[in-house]
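Novice: Hey, dropping my_file.txt in here, compact mmCIF, N, CA and C atoms:
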# COMPACT_ATOMS: atom_id res chain seq x y z
N MET S 1 -1.57 -16.93 -9.97
CA MET S 1 -1.72 -15.77 -9.11
C MET S 1 -1.63 -16.16 -7.64
N LEU S 2 -2.08 -17.35 -7.29
CA LEU S 2 -2.01 -17.78 -5.90
C LEU S 2 -0.56 -17.87 -5.41
N HIS S 3 0.35 -18.16 -6.31
CA HIS S 3 1.76 -18.25 -5.94
C HIS S 3 2.42 -16.87 -5.87
N PHE S 4 2.18 -16.04 -6.87
CA PHE S 4 2.86 -14.75 -6.95
C PHE S 4 2.11 -13.60 -6.28
N GLY S 5 0.84 -13.78 -5.98
CA GLY S 5 0.05 -12.72 -5.35
C GLY S 5 0.62 -12.21 -4.04
N PRO S 6 0.97 -13.11 -3.11
CA PRO S 6 1.56 -12.64 -1.84
C PRO S 6 2.88 -11.91 -2.04
N GLN S 7 3.67 -12.37 -3.00
CA GLN S 7 4.95 -11.70 -3.28
C GLN S 7 4.72 -10.32 -3.88
N LEU S 8 3.74 -10.21 -4.77
CA LEU S 8 3.41 -8.92 -5.35
C LEU S 8 2.91 -7.96 -4.28
N ALA S 9 2.03 -8.44 -3.41
CA ALA S 9 1.51 -7.60 -2.33
C ALA S 9 2.65 -7.15 -1.42
N HIS S 10 3.57 -8.04 -1.10
CA HIS S 10 4.70 -7.70 -0.25
C HIS S 10 5.56 -6.61 -0.89
N SER S 11 5.84 -6.76 -2.18
CA SER S 11 6.65 -5.77 -2.89
C SER S 11 5.96 -4.41 -2.94
N LEU S 12 4.67 -4.41 -3.24
CA LEU S 12 3.91 -3.15 -3.28
C LEU S 12 3.90 -2.47 -1.91
N VAL S 13 3.67 -3.25 -0.86
CA VAL S 13 3.60 -2.69 0.49
C VAL S 13 4.95 -2.15 0.93
N GLN S 14 6.03 -2.83 0.58
CA GLN S 14 7.36 -2.33 0.92
C GLN S 14 7.59 -0.94 0.31
N ASN S 15 7.20 -0.79 -0.94
CA ASN S 15 7.40 0.49 -1.62
C ASN S 15 6.45 1.56 -1.12
N ILE S 16 5.19 1.21 -0.95
CA ILE S 16 4.20 2.18 -0.46
C ILE S 16 4.47 2.52 1.00
N GLY S 17 5.10 1.60 1.72
CA GLY S 17 5.44 1.82 3.13
C GLY S 17 6.62 2.74 3.35
N GLY S 18 7.17 3.29 2.27
CA GLY S 18 8.22 4.28 2.45
C GLY S 18 9.46 4.09 1.61
N LYS S 19 9.62 2.97 0.96
CA LYS S 19 10.85 2.74 0.19
C LYS S 19 10.84 3.44 -1.17
N ALA S 20 9.67 3.62 -1.74
CA ALA S 20 9.57 4.21 -3.08
C ALA S 20 9.65 5.73 -3.00
N PRO S 21 10.18 6.36 -4.05
CA PRO S 21 10.12 7.82 -4.10
C PRO S 21 8.67 8.27 -4.35
N ARG S 22 8.37 9.46 -3.92
CA ARG S 22 7.02 10.00 -4.05
C ARG S 22 6.54 10.00 -5.50
N SER S 23 7.46 10.22 -6.44
CA SER S 23 7.08 10.29 -7.85
C SER S 23 6.58 8.95 -8.40
N ASP S 24 6.88 7.85 -7.72
CA ASP S 24 6.46 6.53 -8.20
C ASP S 24 5.13 6.05 -7.63
N LEU S 25 4.54 6.80 -6.73
CA LEU S 25 3.34 6.32 -6.04
C LEU S 25 2.15 6.09 -6.97
N ASP S 26 1.94 6.97 -7.95
CA ASP S 26 0.83 6.76 -8.88
C ASP S 26 1.05 5.50 -9.71
N LYS S 27 2.31 5.23 -10.06
CA LYS S 27 2.62 4.01 -10.83
C LYS S 27 2.40 2.76 -9.98
N LEU S 28 2.70 2.85 -8.69
CA LEU S 28 2.49 1.71 -7.80
C LEU S 28 1.02 1.49 -7.49
N SER S 29 0.22 2.53 -7.59
CA SER S 29 -1.21 2.41 -7.31
C SER S 29 -1.93 1.55 -8.35
N GLU S 30 -1.47 1.59 -9.58
CA GLU S 30 -2.16 0.85 -10.65
C GLU S 30 -2.17 -0.66 -10.42
N PRO S 31 -1.01 -1.31 -10.19
CA PRO S 31 -1.08 -2.76 -9.93
C PRO S 31 -1.81 -3.08 -8.62
N LEU S 32 -1.73 -2.17 -7.66
CA LEU S 32 -2.45 -2.36 -6.40
C LEU S 32 -3.96 -2.38 -6.65
N LYS S 33 -4.44 -1.45 -7.45
CA LYS S 33 -5.87 -1.41 -7.78
C LYS S 33 -6.30 -2.71 -8.47
N LYS S 34 -5.52 -3.14 -9.43
CA LYS S 34 -5.87 -4.35 -10.18
C LYS S 34 -5.84 -5.59 -9.29
N LEU S 35 -4.88 -5.64 -8.39
CA LEU S 35 -4.80 -6.76 -7.46
C LEU S 35 -6.04 -6.83 -6.60
N ILE S 36 -6.47 -5.70 -6.07
CA ILE S 36 -7.64 -5.66 -5.19
C ILE S 36 -8.92 -6.03 -5.95
N VAL S 37 -9.06 -5.52 -7.14
CA VAL S 37 -10.27 -5.76 -7.92
C VAL S 37 -10.34 -7.20 -8.43
N GLN S 38 -9.21 -7.77 -8.80
CA GLN S 38 -9.24 -9.04 -9.49
C GLN S 38 -9.00 -10.27 -8.63
N HIS S 39 -8.57 -10.09 -7.36
CA HIS S 39 -8.32 -11.28 -6.57
C HIS S 39 -8.93 -11.19 -5.19
N VAL S 40 -9.64 -12.21 -4.81
CA VAL S 40 -10.38 -12.24 -3.56
C VAL S 40 -9.46 -12.27 -2.33
N HIS S 41 -8.25 -12.79 -2.47
CA HIS S 41 -7.33 -12.89 -1.34
C HIS S 41 -6.42 -11.67 -1.18
N ALA S 42 -6.61 -10.65 -1.99
CA ALA S 42 -5.72 -9.50 -1.98
C ALA S 42 -5.66 -8.82 -0.61
N SER S 43 -6.78 -8.67 0.06
CA SER S 43 -6.75 -7.99 1.36
C SER S 43 -5.95 -8.79 2.38
N LYS S 44 -6.04 -10.11 2.35
CA LYS S 44 -5.26 -10.96 3.26
C LYS S 44 -3.77 -10.83 2.96
N TRP S 45 -3.43 -10.81 1.69
CA TRP S 45 -2.03 -10.67 1.30
C TRP S 45 -1.47 -9.31 1.73
N LEU S 46 -2.27 -8.27 1.54
CA LEU S 46 -1.82 -6.93 1.93
C LEU S 46 -1.66 -6.82 3.45
N GLU S 47 -2.61 -7.36 4.20
CA GLU S 47 -2.50 -7.35 5.66
C GLU S 47 -1.26 -8.09 6.13
N ALA S 48 -0.99 -9.24 5.53
CA ALA S 48 0.19 -10.01 5.90
C ALA S 48 1.47 -9.22 5.60
N ALA S 49 1.51 -8.57 4.46
CA ALA S 49 2.69 -7.78 4.09
C ALA S 49 2.86 -6.57 5.01
N LEU S 50 1.76 -5.94 5.39
CA LEU S 50 1.83 -4.78 6.28
C LEU S 50 2.28 -5.17 7.68
N ASN S 51 1.93 -6.36 8.12
CA ASN S 51 2.27 -6.81 9.46
C ASN S 51 3.58 -7.61 9.51
N ASP S 52 4.23 -7.77 8.37
CA ASP S 52 5.50 -8.47 8.32
C ASP S 52 6.57 -7.66 9.05
N GLU S 53 7.51 -8.34 9.67
CA GLU S 53 8.55 -7.64 10.43
C GLU S 53 9.48 -6.82 9.55
N SER S 54 9.48 -7.08 8.25
CA SER S 54 10.33 -6.31 7.34
C SER S 54 9.67 -5.02 6.85
N PHE S 55 8.46 -4.71 7.34
CA PHE S 55 7.79 -3.47 6.92
C PHE S 55 8.72 -2.29 7.23
N PRO S 56 8.94 -1.39 6.27
CA PRO S 56 10.00 -0.39 6.41
C PRO S 56 9.74 0.77 7.38
N SER S 57 8.56 0.92 7.90
CA SER S 57 8.28 2.07 8.76
C SER S 57 7.76 1.64 10.13
N GLU S 58 8.23 2.33 11.14
CA GLU S 58 7.72 2.12 12.49
C GLU S 58 6.81 3.27 12.92
N LYS S 59 6.52 4.18 11.99
CA LYS S 59 5.74 5.38 12.31
C LYS S 59 4.24 5.17 12.24
N VAL S 60 3.81 4.04 11.65
CA VAL S 60 2.37 3.77 11.57
C VAL S 60 2.02 2.62 12.52
N LEU S 61 0.88 2.74 13.14
CA LEU S 61 0.41 1.75 14.11
C LEU S 61 -0.35 0.64 13.39
N PRO S 62 -0.53 -0.50 14.05
CA PRO S 62 -1.29 -1.59 13.43
C PRO S 62 -2.71 -1.18 13.01
N ASN S 63 -3.36 -0.32 13.80
CA ASN S 63 -4.71 0.10 13.40
C ASN S 63 -4.68 1.00 12.17
N ASP S 64 -3.59 1.76 11.96
CA ASP S 64 -3.43 2.56 10.74
C ASP S 64 -3.28 1.65 9.52
N LYS S 65 -2.56 0.58 9.71
CA LYS S 65 -2.36 -0.38 8.62
C LYS S 65 -3.68 -1.07 8.27
N ALA S 66 -4.45 -1.45 9.28
CA ALA S 66 -5.74 -2.09 9.04
C ALA S 66 -6.70 -1.14 8.34
N LEU S 67 -6.68 0.12 8.76
CA LEU S 67 -7.54 1.12 8.13
C LEU S 67 -7.14 1.35 6.67
N PHE S 68 -5.85 1.33 6.40
CA PHE S 68 -5.35 1.47 5.03
C PHE S 68 -5.92 0.37 4.13
N VAL S 69 -5.87 -0.86 4.59
CA VAL S 69 -6.40 -1.98 3.80
C VAL S 69 -7.91 -1.84 3.62
N LYS S 70 -8.62 -1.45 4.67
CA LYS S 70 -10.07 -1.28 4.57
C LYS S 70 -10.42 -0.21 3.54
N LYS S 71 -9.67 0.89 3.53
CA LYS S 71 -9.92 1.95 2.55
C LYS S 71 -9.67 1.45 1.14
N LEU S 72 -8.58 0.72 0.95
CA LEU S 72 -8.26 0.21 -0.38
C LEU S 72 -9.34 -0.73 -0.88
N VAL S 73 -9.79 -1.62 -0.03
CA VAL S 73 -10.81 -2.59 -0.43
C VAL S 73 -12.14 -1.89 -0.71
N SER S 74 -12.49 -0.91 0.11
CA SER S 74 -13.76 -0.22 -0.10
C SER S 74 -13.76 0.62 -1.37
N LEU S 75 -12.60 1.12 -1.77
CA LEU S 75 -12.52 1.93 -2.99
C LEU S 75 -12.57 1.07 -4.25
N ARG S 76 -12.21 -0.21 -4.13
CA ARG S 76 -12.28 -1.16 -5.25
C ARG S 76 -11.69 -0.62 -6.55
N GLY S 77 -10.51 -0.01 -6.46
CA GLY S 77 -9.81 0.44 -7.65
C GLY S 77 -10.18 1.82 -8.15
N ALA S 78 -10.94 2.57 -7.39
CA ALA S 78 -11.33 3.92 -7.81
C ALA S 78 -10.11 4.85 -7.82
N LYS S 79 -10.26 5.96 -8.50
CA LYS S 79 -9.17 6.94 -8.62
C LYS S 79 -8.69 7.44 -7.25
N ALA S 80 -9.58 7.50 -6.27
CA ALA S 80 -9.21 7.98 -4.93
C ALA S 80 -8.18 7.07 -4.26
N THR S 81 -7.97 5.87 -4.79
CA THR S 81 -6.95 4.97 -4.26
C THR S 81 -5.58 5.64 -4.28
N ASN S 82 -5.31 6.41 -5.32
CA ASN S 82 -4.01 7.08 -5.43
C ASN S 82 -3.78 8.01 -4.24
N GLN S 83 -4.81 8.74 -3.83
CA GLN S 83 -4.66 9.65 -2.69
C GLN S 83 -4.48 8.88 -1.39
N VAL S 84 -5.17 7.78 -1.23
CA VAL S 84 -5.03 6.95 -0.03
C VAL S 84 -3.60 6.41 0.04
N VAL S 85 -3.05 5.99 -1.08
CA VAL S 85 -1.67 5.50 -1.14
C VAL S 85 -0.70 6.62 -0.77
N ARG S 86 -0.89 7.81 -1.32
CA ARG S 86 -0.01 8.95 -1.00
C ARG S 86 -0.08 9.30 0.48
N ASP S 87 -1.27 9.31 1.04
CA ASP S 87 -1.43 9.63 2.46
C ASP S 87 -0.74 8.60 3.35
N PHE S 88 -0.87 7.33 3.00
CA PHE S 88 -0.23 6.27 3.79
C PHE S 88 1.29 6.36 3.66
N TRP S 89 1.78 6.60 2.46
CA TRP S 89 3.22 6.75 2.24
C TRP S 89 3.76 7.89 3.08
N LEU S 90 3.03 9.00 3.09
CA LEU S 90 3.44 10.17 3.87
C LEU S 90 3.46 9.86 5.36
N ALA S 91 2.48 9.12 5.84
CA ALA S 91 2.45 8.73 7.25
C ALA S 91 3.65 7.83 7.58
N CYS S 92 4.02 6.98 6.65
CA CYS S 92 5.15 6.08 6.86
C CYS S 92 6.49 6.82 6.83
N ARG S 93 6.59 7.80 5.97
CA ARG S 93 7.84 8.55 5.84
C ARG S 93 8.00 9.62 6.89
N GLY S 94 6.90 10.22 7.32
CA GLY S 94 6.97 11.28 8.32
C GLY S 94 6.69 12.65 7.73
N SER S 95 6.55 13.62 8.57
CA SER S 95 6.12 14.96 8.15
C SER S 95 7.18 15.70 7.34
N SER S 96 8.42 15.28 7.39
CA SER S 96 9.46 15.98 6.62
C SER S 96 9.28 15.84 5.11
N PHE S 97 8.39 14.92 4.72
CA PHE S 97 8.11 14.71 3.30
C PHE S 97 6.74 15.26 2.89
N ALA S 98 6.17 16.13 3.69
CA ALA S 98 4.83 16.65 3.43
C ALA S 98 4.78 17.41 2.12
N TYR S 99 3.65 17.30 1.46
CA TYR S 99 3.42 18.03 0.22
C TYR S 99 3.25 19.51 0.51
N VAL S 100 3.81 20.32 -0.36
CA VAL S 100 3.61 21.77 -0.22
C VAL S 100 2.42 22.13 -1.07
N SER S 101 1.48 22.90 -0.47
CA SER S 101 0.30 23.29 -1.26
C SER S 101 0.19 24.77 -1.39
Would you mind giving the structure from this file in structure tokens?
Specialist:
Amino acid sequence: MLHFGPQLAHSLVQNIGGKAPRSDLDKLSEPLKKLIVQHVHASKWLEAALNDESFPSEKVLPNDKALFVKKLVSLRGAKATNQVVRDFWLACRGSSFAYVS
């Protein structure tokens, strides 16, 4: 896991950062939850992936990214993680992708 964990975090962040379609977000949340719950270095890996120059969105600020990681870690795999992921994806994609309620 020490070898593949950073790569997994990078892949998840790329997709959650705007590359994935909205319909895949719940599926992406599951490995993210397990990564956070099962590995102590997950938050460091996620922060590194969010701050990488290849991050797909310029619409979120560094403090938004840090807050995203803090929320994920504090939820520790709870169901509300899915909503946090959707909200972050929406912030990365922009308002043109807003959910209709």
Novice: Could you work out how far atom CA of Ala91 of chain S lies from atom C of Lys59 of chain S, giving the answer in Å with one decimal?
Specialist: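 Between atom C of Lys59 of chain S and atom CA of Ala91 of chain S the gap works out to 6.4 Å.
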Novice: Please list as a PyMOL selection string every residue within 8 Å of Leu50 of chain S, counting all atoms listed in the file and excluding residues in the same chain fewer than 4 positions away.
Specialist: chain S and resi 9-10+13-14+44-46+54-56+62+65-66
Novice: Would you give me, as JSON, numbers by chain, the residues in chain S that DSSP reads as alpha helix (DSSP H)?
Specialist: {"S": [5, 6, 7, 8, 9, 10, 11, 12, 13, 14, 25, 26, 27, 28, 29, 30, 31, 32, 33, 34, 35, 36, 37, 38, 42, 43, 44, 45, 46, 47, 48, 49, 50, 62, 63, 64, 65, 66, 67, 68, 69, 70, 71, 72, 73, 74, 75, 81, 82, 83, 84, 85, 86, 87, 88, 89, 90, 91, 92, 93]}
Novice: Between S:Phe88, S:Gly77, S:Leu32, S:Asn82, single out the one closest to Asp64 of chain S, counting all atoms listed in the file.
Specialist: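 Using all atoms listed in the file, Asp64 of chain S sits closest to S:Phe88.
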Novice: So which residues touch Gln38 of chain S within 12 Å, counting only C-alpha atoms, skipping near sequence neighbours fewer than 5 positions away, as a list in words?
Specialist: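 The residues satisfying every condition are Met1, Leu2, Gly5, Pro31, Leu32, Lys33, Ser43, Val73, Arg76 and Gly77 of chain S.
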Novice: Could you jot down the atom N of Val40 of chain S to atom N of Asn63 of chain S separation for me, Å, one decimal place?
Specialist: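 Pair atom N of Val40 of chain S / atom N of Asn63 of chain S returns 23.0 Å.
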Novice: Could you please determine the separation between atom C of Cys92 of chain S and atom C of Ser74 of chain S in Å, to one decimal place?
Specialist: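 One can read the atom C of Cys92 of chain S to atom C of Ser74 of chain S distance as 22.7 Å.
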Novice: Around the point (-1.2, 2.8, -8.6) (coordinates from the file), which residues reach within 10 Å if we count only C-alpha atoms? Answer as a PDB file with N, CA and C atoms, in the coordinates of the input.
Specialist:
ATOM      1  N   LEU S  12       4.670  -4.410  -3.240  1.00  0.00           N
ATOM      2  CA  LEU S  12       3.910  -3.150  -3.280  1.00  0.00           C
ATOM      3  C   LEU S  12       3.900  -2.470  -1.910  1.00  0.00           C
ATOM      4  N   ILE S  16       5.190   1.210  -0.950  1.00  0.00           N
ATOM      5  CA  ILE S  16       4.200   2.180  -0.460  1.00  0.00           C
ATOM      6  C   ILE S  16       4.470   2.520   1.000  1.00  0.00           C
ATOM      7  N   ASP S  24       6.880   7.850  -7.720  1.00  0.00           N
ATOM      8  CA  ASP S  24       6.460   6.530  -8.200  1.00  0.00           C
ATOM      9  C   ASP S  24       5.130   6.050  -7.630  1.00  0.00           C
ATOM     10  N   LEU S  25       4.540   6.800  -6.730  1.00  0.00           N
ATOM     11  CA  LEU S  25       3.340   6.320  -6.040  1.00  0.00           C
ATOM     12  C   LEU S  25       2.150   6.090  -6.970  1.00  0.00           C
ATOM     13  N   ASP S  26       1.940   6.970  -7.950  1.00  0.00           N
ATOM     14  CA  ASP S  26       0.830   6.760  -8.880  1.00  0.00           C
ATOM     15  C   ASP S  26       1.050   5.500  -9.710  1.00  0.00           C
ATOM     16  N   LYS S  27       2.310   5.230 -10.060  1.00  0.00           N
ATOM     17  CA  LYS S  27       2.620   4.010 -10.830  1.00  0.00           C
ATOM     18  C   LYS S  27       2.400   2.760  -9.980  1.00  0.00           C
ATOM     19  N   LEU S  28       2.700   2.850  -8.690  1.00  0.00           N
ATOM     20  CA  LEU S  28       2.490   1.710  -7.800  1.00  0.00           C
ATOM     21  C   LEU S  28       1.020   1.490  -7.490  1.00  0.00           C
ATOM     22  N   SER S  29       0.220   2.530  -7.590  1.00  0.00           N
ATOM     23  CA  SER S  29      -1.210   2.410  -7.310  1.00  0.00           C
ATOM     24  C   SER S  29      -1.930   1.550  -8.350  1.00  0.00           C
ATOM     25  N   GLU S  30      -1.470   1.590  -9.580  1.00  0.00           N
ATOM     26  CA  GLU S  30      -2.160   0.850 -10.650  1.00  0.00           C
ATOM     27  C   GLU S  30      -2.170  -0.660 -10.420  1.00  0.00           C
ATOM     28  N   PRO S  31      -1.010  -1.310 -10.190  1.00  0.00           N
ATOM     29  CA  PRO S  31      -1.080  -2.760  -9.930  1.00  0.00           C
ATOM     30  C   PRO S  31      -1.810  -3.080  -8.620  1.00  0.00           C
ATOM     31  N   LEU S  32      -1.730  -2.170  -7.660  1.00  0.00           N
ATOM     32  CA  LEU S  32      -2.450  -2.360  -6.400  1.00  0.00           C
ATOM     33  C   LEU S  32      -3.960  -2.380  -6.650  1.00  0.00           C
ATOM     34  N   LYS S  33      -4.440  -1.450  -7.450  1.00  0.00           N
ATOM     35  CA  LYS S  33      -5.870  -1.410  -7.780  1.00  0.00           C
ATOM     36  C   LYS S  33      -6.300  -2.710  -8.470  1.00  0.00           C
ATOM     37  N   LYS S  34      -5.520  -3.140  -9.430  1.00  0.00           N
ATOM     38  CA  LYS S  34      -5.870  -4.350 -10.180  1.00  0.00           C
ATOM     39  C   LYS S  34      -5.840  -5.590  -9.290  1.00  0.00           C
ATOM     40  N   GLY S  77     -10.510  -0.010  -6.460  1.00  0.00           N
ATOM     41  CA  GLY S  77      -9.810   0.440  -7.650  1.00  0.00           C
ATOM     42  C   GLY S  77     -10.180   1.820  -8.150  1.00  0.00           C
ATOM     43  N   LYS S  79     -10.260   5.960  -8.500  1.00  0.00           N
ATOM     44  CA  LYS S  79      -9.170   6.940  -8.620  1.00  0.00           C
ATOM     45  C   LYS S  79      -8.690   7.440  -7.250  1.00  0.00           C
ATOM     46  N   THR S  81      -7.970   5.870  -4.790  1.00  0.00           N
ATOM     47  CA  THR S  81      -6.950   4.970  -4.260  1.00  0.00           C
ATOM     48  C   THR S  81      -5.580   5.640  -4.280  1.00  0.00           C
ATOM     49  N   ASN S  82      -5.310   6.410  -5.320  1.00  0.00           N
ATOM     50  CA  ASN S  82      -4.010   7.080  -5.430  1.00  0.00           C
ATOM     51  C   ASN S  82      -3.780   8.010  -4.240  1.00  0.00           C
ATOM     52  N   GLN S  83      -4.810   8.740  -3.830  1.00  0.00           N
ATOM     53  CA  GLN S  83      -4.660   9.650  -2.690  1.00  0.00           C
ATOM     54  C   GLN S  83      -4.480   8.880  -1.390  1.00  0.00           C
ATOM     55  N   VAL S  85      -3.050   5.990  -1.080  1.00  0.00           N
ATOM     56  CA  VAL S  85      -1.670   5.500  -1.140  1.00  0.00           C
ATOM     57  C   VAL S  85      -0.700   6.620  -0.770  1.00  0.00           C
ATOM     58  N   ARG S  86      -0.890   7.810  -1.320  1.00  0.00           N
ATOM     59  CA  ARG S  86      -0.010   8.950  -1.000  1.00  0.00           C
ATOM     60  C   ARG S  86      -0.080   9.300   0.480  1.00  0.00           C
TER      61      ARG S  86
END
Novice: Quick one: everything within 7 Å of Ser57 of chain S, counting all atoms listed in the file, minus sequence neighbours fewer than 4 positions away in the same chain. Send it as a list in words.
Specialist: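 Using all atoms listed in the file, the neighbours found are Gly17, Gly18, Cys92 and Arg93 of chain S.
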Novice: What lies within 8 Å of Ala42 of chain S using all atoms listed in the file, ignoring chain neighbours under 5 positions off, as a VMD selection string?
Specialist: chain S and resid 5 to 6 9 35 to 37 47 to 48
Novice: Name the closest residue to Trp89 of chain S among the candidates S:Lys71, S:His3, S:Ser11, S:Lys19; distances are taken between atoms, counting all atoms listed in the file.
Specialist: S:Lys19
